[in-house]
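Chemist: Have a look at this one before I ask anything.
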Amino acid sequence: MKGKLFVCGTPIGNLEDVTIRLLKTLRKVDMIACEDTRHTIKLLNRYKIKNKLVSYHEFSGPGKTSYLLSQLALGLNVALVSDAGMPTISDPGQDLVRQVIDEGFEVEVIPGPSACTAALAITGVDSSSFIFSGFLPPKSTKRREALLNFVGESRTIILYEAPHRLEATLADIATVLGEERPVVVARELTKVHQEVQRGKIKEVLYYYQQHQPRGEICILLPAPEEETGTIDMDLIIRETCELVSGGMEKKQAFKLKARQYNIPKSTIYALFIKFNQDADK
């Protein structure tokens with residue numbers, strides 16, 4: 001008889017955010033595949049669960065996947081957990097799930113907390129339609145290229161970010177999407193030091209320039225607010241110059257800002273030329 005893989009959602013911070021079904025599952029399976037055994041053991045100790053732990057993370061390699069598949073073939077049941085939240089969401093567990101399915105084994109989900117849905121719930125942004133993009137590239141050039149895909153996006157955008165990159169990422173978002181764009185940064189959700197910062201990107205960026213963030217971070221970008229007044233062309237040209245100085249081709253920068261602010265490319269081009277001529281005087 002074949003074994004079964006249980007994909008288990010675990011607390012994102014507060015260890016009391018568990019379900020009875022999760023605890024029962026972690027007790028009855030034959031082994032638990034976890035991202036970091038040192039992290040998972042804290043949850044098991046909290047609920048007096050004793051079970052075999054096997055590390056499974058992004059650097060495990062095909063050998064560990066083969067081992068888990070062999071255990072399923074022997075009829076053993078395996079629970080898959082990440083350090084926090086649902087496995088497979090910005091997590092290497094998706095590779096294991098895919099191969100388990102391909103090998104014909106059964107997969108069952110034990111639903112649990114997820115940082116992106118928790119952030120949607122606590123921040124009050126529009127959740128009727130949203131996109132989740134996980135972590136952006138760590139390098140600024142690639143990160144800006146990825147952010148270009150969000151220009152003109154009318155749905156709420158949800159991102160994850162590491163604390164040491166938050167300031168640089170917010171700066172790149174301001175450059176590509178505009179510093180007036182509304183943003184919410186939700187940090188350390190469900191934990192003692194939970195924090196939610198709301199405002200325009202330039203305001204939230206300034207805050208984190210003064211306060212070094214720690215812990216798990218979600219960035220939420222609601223749809224741009226409807227423009228109700230005159231367009232700040234000086235701001236648009238400054239943002240365009242930042243894109244060009246950052247290595248983007250002029251034509252691409254003009255096109256990007258034209259789409260973002262719904263104005264002709266020719267207008268941006270003319271003002272860009274004038275701005276640089278005045279700067280050279």
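Chains: A, B, ... in order of the structure tokens. Residues: from 1 per chain. Ligands: from 1, in order shown.
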Quick one: everything within 7 Å of Val196 (chain A), counting only C-alpha atoms, minus sequence neighbours fewer than 4 positions away in the same chain. Send it as a list in words.
Modeler: Val184, Val185, Ala186 and Arg187 of chain A
Chemist: Can you write just those residues out, N, CA and C atoms, as a PDB file, in the first residue's frame?
Modeler:
ATOM      1  N   VAL A 184       1.540  49.324   1.562  1.00  0.00           N
ATOM      2  CA  VAL A 184       1.420  48.858   2.946  1.00  0.00           C
ATOM      3  C   VAL A 184       2.525  47.834   3.173  1.00  0.00           C
ATOM      4  N   VAL A 185       3.259  48.009   4.254  1.00  0.00           N
ATOM      5  CA  VAL A 185       4.280  47.036   4.638  1.00  0.00           C
ATOM      6  C   VAL A 185       3.831  46.383   5.944  1.00  0.00           C
ATOM      7  N   ALA A 186       3.604  45.072   5.895  1.00  0.00           N
ATOM      8  CA  ALA A 186       3.184  44.309   7.073  1.00  0.00           C
ATOM      9  C   ALA A 186       4.359  43.446   7.518  1.00  0.00           C
ATOM     10  N   ARG A 187       4.763  43.617   8.769  1.00  0.00           N
ATOM     11  CA  ARG A 187       5.970  42.953   9.258  1.00  0.00           C
ATOM     12  C   ARG A 187       5.678  42.160  10.533  1.00  0.00           C
TER      13      ARG A 187
END
Chemist: With only C-alpha atoms as the atoms that count, which of A:Gln194, A:Asn276, A:Gln212, A:Thr25 lies nearest to Asn51 (chain A)?
Modeler: A:Thr25
Chemist: Would you pick out the contacts of Tyr206 (chain A) at 12 Å or less, using only C-alpha atoms, so that residues sharing its chain but fewer than 3 positions from it are not included, and give the list as an MDAnalysis selection string?
Modeler: chainID A and resid 166:168 170:171 174 179 197:203 209:212
Chemist: Could you go through region 116-277 of chain A and tell me which residues DSSP, when run on the backbone, assigns to helix (DSSP H, G or I), listing them as a PDB file with C-alpha atoms, in the first residue's frame?
Modeler:
ATOM      1  CA  CYS A 116       0.057  36.791   2.143  1.00  0.00           C
ATOM      2  CA  THR A 117      -3.589  36.169   3.082  1.00  0.00           C
ATOM      3  CA  ALA A 118      -2.971  37.339   6.648  1.00  0.00           C
ATOM      4  CA  ALA A 119      -1.521  40.570   5.266  1.00  0.00           C
ATOM      5  CA  LEU A 120      -4.550  41.067   3.031  1.00  0.00           C
ATOM      6  CA  ALA A 121      -6.853  40.628   6.010  1.00  0.00           C
ATOM      7  CA  ILE A 122      -5.098  43.018   8.376  1.00  0.00           C
ATOM      8  CA  THR A 123      -4.225  45.846   5.989  1.00  0.00           C
ATOM      9  CA  SER A 140      18.365  46.161  -8.398  1.00  0.00           C
ATOM     10  CA  THR A 141      18.563  45.936 -12.208  1.00  0.00           C
ATOM     11  CA  LYS A 142      16.644  42.661 -12.365  1.00  0.00           C
ATOM     12  CA  ARG A 143      14.256  43.864  -9.674  1.00  0.00           C
ATOM     13  CA  ARG A 144      13.340  46.949 -11.707  1.00  0.00           C
ATOM     14  CA  GLU A 145      12.825  44.792 -14.775  1.00  0.00           C
ATOM     15  CA  ALA A 146      10.417  42.610 -12.784  1.00  0.00           C
ATOM     16  CA  LEU A 147       8.574  45.678 -11.484  1.00  0.00           C
ATOM     17  CA  LEU A 148       7.947  46.805 -15.058  1.00  0.00           C
ATOM     18  CA  ASN A 149       5.435  43.964 -15.320  1.00  0.00           C
ATOM     19  CA  PHE A 150       3.286  45.734 -12.727  1.00  0.00           C
ATOM     20  CA  PRO A 163      14.457  42.906   5.920  1.00  0.00           C
ATOM     21  CA  HIS A 164      17.948  43.796   4.670  1.00  0.00           C
ATOM     22  CA  ARG A 165      16.568  44.463   1.166  1.00  0.00           C
ATOM     23  CA  LEU A 166      13.365  46.304   2.128  1.00  0.00           C
ATOM     24  CA  GLU A 167      14.752  49.829   1.770  1.00  0.00           C
ATOM     25  CA  ALA A 168      16.324  49.128  -1.650  1.00  0.00           C
ATOM     26  CA  THR A 169      13.169  47.392  -2.883  1.00  0.00           C
ATOM     27  CA  LEU A 170      10.922  50.271  -1.811  1.00  0.00           C
ATOM     28  CA  ALA A 171      13.289  52.680  -3.565  1.00  0.00           C
ATOM     29  CA  ASP A 172      13.056  50.658  -6.780  1.00  0.00           C
ATOM     30  CA  ILE A 173       9.259  50.485  -6.508  1.00  0.00           C
ATOM     31  CA  ALA A 174       9.206  54.279  -6.129  1.00  0.00           C
ATOM     32  CA  THR A 175      11.373  54.664  -9.225  1.00  0.00           C
ATOM     33  CA  VAL A 176       9.358  52.314 -11.448  1.00  0.00           C
ATOM     34  CA  LEU A 177       5.802  52.764 -10.138  1.00  0.00           C
ATOM     35  CA  ILE A 201       5.899  54.846  -1.017  1.00  0.00           C
ATOM     36  CA  LYS A 202       8.089  57.885  -0.339  1.00  0.00           C
ATOM     37  CA  GLU A 203       6.650  58.121   3.203  1.00  0.00           C
ATOM     38  CA  VAL A 204       7.056  54.448   4.040  1.00  0.00           C
ATOM     39  CA  LEU A 205      10.544  54.424   2.496  1.00  0.00           C
ATOM     40  CA  TYR A 206      11.532  57.364   4.706  1.00  0.00           C
ATOM     41  CA  TYR A 207      10.197  55.534   7.762  1.00  0.00           C
ATOM     42  CA  TYR A 208      12.348  52.463   7.100  1.00  0.00           C
ATOM     43  CA  GLN A 209      15.353  54.640   6.373  1.00  0.00           C
ATOM     44  CA  GLN A 210      15.013  55.691  10.007  1.00  0.00           C
ATOM     45  CA  MET A 233       5.353  66.811 -14.576  1.00  0.00           C
ATOM     46  CA  ASP A 234       8.462  67.708 -12.568  1.00  0.00           C
ATOM     47  CA  LEU A 235       7.994  64.523 -10.564  1.00  0.00           C
ATOM     48  CA  ILE A 236       7.459  62.464 -13.724  1.00  0.00           C
ATOM     49  CA  ILE A 237      10.631  63.799 -15.326  1.00  0.00           C
ATOM     50  CA  ARG A 238      12.649  63.186 -12.160  1.00  0.00           C
ATOM     51  CA  GLU A 239      11.420  59.594 -12.098  1.00  0.00           C
ATOM     52  CA  THR A 240      12.236  59.234 -15.808  1.00  0.00           C
ATOM     53  CA  CYS A 241      15.768  60.543 -15.245  1.00  0.00           C
ATOM     54  CA  GLU A 242      16.247  58.075 -12.394  1.00  0.00           C
ATOM     55  CA  LEU A 243      15.264  55.212 -14.682  1.00  0.00           C
ATOM     56  CA  VAL A 244      17.687  56.339 -17.394  1.00  0.00           C
ATOM     57  CA  SER A 245      20.527  56.932 -14.927  1.00  0.00           C
ATOM     58  CA  LYS A 250      15.450  56.209 -22.873  1.00  0.00           C
ATOM     59  CA  LYS A 251      12.722  54.877 -25.174  1.00  0.00           C
ATOM     60  CA  GLN A 252      11.739  52.238 -22.637  1.00  0.00           C
ATOM     61  CA  ALA A 253      11.700  54.809 -19.823  1.00  0.00           C
ATOM     62  CA  PHE A 254       9.504  57.194 -21.854  1.00  0.00           C
ATOM     63  CA  LYS A 255       7.105  54.355 -22.697  1.00  0.00           C
ATOM     64  CA  LEU A 256       6.959  53.216 -19.083  1.00  0.00           C
ATOM     65  CA  LYS A 257       6.093  56.649 -17.688  1.00  0.00           C
ATOM     66  CA  ALA A 258       3.627  57.339 -20.505  1.00  0.00           C
ATOM     67  CA  ARG A 259       1.703  54.177 -19.576  1.00  0.00           C
ATOM     68  CA  GLN A 260       1.943  54.856 -15.857  1.00  0.00           C
ATOM     69  CA  TYR A 261       0.598  58.409 -16.022  1.00  0.00           C
ATOM     70  CA  LYS A 265       5.379  59.687 -24.871  1.00  0.00           C
ATOM     71  CA  SER A 266       6.139  62.765 -26.927  1.00  0.00           C
ATOM     72  CA  THR A 267       5.289  64.968 -23.948  1.00  0.00           C
ATOM     73  CA  ILE A 268       7.701  63.113 -21.690  1.00  0.00           C
ATOM     74  CA  TYR A 269      10.369  63.140 -24.401  1.00  0.00           C
ATOM     75  CA  ALA A 270      10.097  66.898 -24.895  1.00  0.00           C
ATOM     76  CA  LEU A 271      10.218  67.656 -21.178  1.00  0.00           C
ATOM     77  CA  PHE A 272      13.102  65.202 -20.682  1.00  0.00           C
ATOM     78  CA  ILE A 273      15.162  67.005 -23.348  1.00  0.00           C
ATOM     79  CA  LYS A 274      14.331  70.399 -21.857  1.00  0.00           C
ATOM     80  CA  PHE A 275      15.169  69.226 -18.338  1.00  0.00           C
ATOM     81  CA  ASN A 276      18.588  67.999 -19.380  1.00  0.00           C
ATOM     82  CA  GLN A 277      19.296  71.113 -21.451  1.00  0.00           C
TER      83      GLN A 277
END
Chemist: Considering only C-alpha atoms, tabulate each residue of region 99-128 of chain A that lies at most 12 Å from region 7-17 of chain A along with its nearest interatomic pair and the corresponding distance in Å to one decimal; arrange the rows by chain and ascending residue number and present them as a tab-separated table.
Modeler:
residue	atom	partner	partner_atom	distance
A:Val100	CA	A:Val7	CA	11.3
A:Glu106	CA	A:Val7	CA	10.8
A:Val107	CA	A:Val7	CA	7.2
A:Glu108	CA	A:Val7	CA	6.1
A:Val109	CA	A:Val7	CA	4.7
A:Ile110	CA	A:Cys8	CA	4.6
A:Pro111	CA	A:Gly9	CA	5.3
A:Gly112	CA	A:Gly9	CA	4.0
A:Pro113	CA	A:Pro11	CA	5.8
A:Ser114	CA	A:Ile12	CA	6.8
A:Ala115	CA	A:Ile12	CA	6.6
A:Cys116	CA	A:Ile12	CA	10.4
A:Thr117	CA	A:Ile12	CA	11.3
A:Ala118	CA	A:Ile12	CA	9.4
A:Ala119	CA	A:Ile12	CA	11.3
Chemist: Can you check which parts of region 117-228 of chain A lie within 10 Å of region 78-89 of chain A? Per residue, the shortest pair of atoms and distance in Å to one decimal, counting only C-alpha atoms, sorted by chain and number, as CSV.
Modeler:
residue,atom,partner,partner_atom,distance
A:Phe132,CA,A:Ile89,CA,9.6
A:Ser133,CA,A:Ile89,CA,10.0
A:Gly134,CA,A:Ile89,CA,7.9
A:Glu216,CA,A:Ala84,CA,9.8
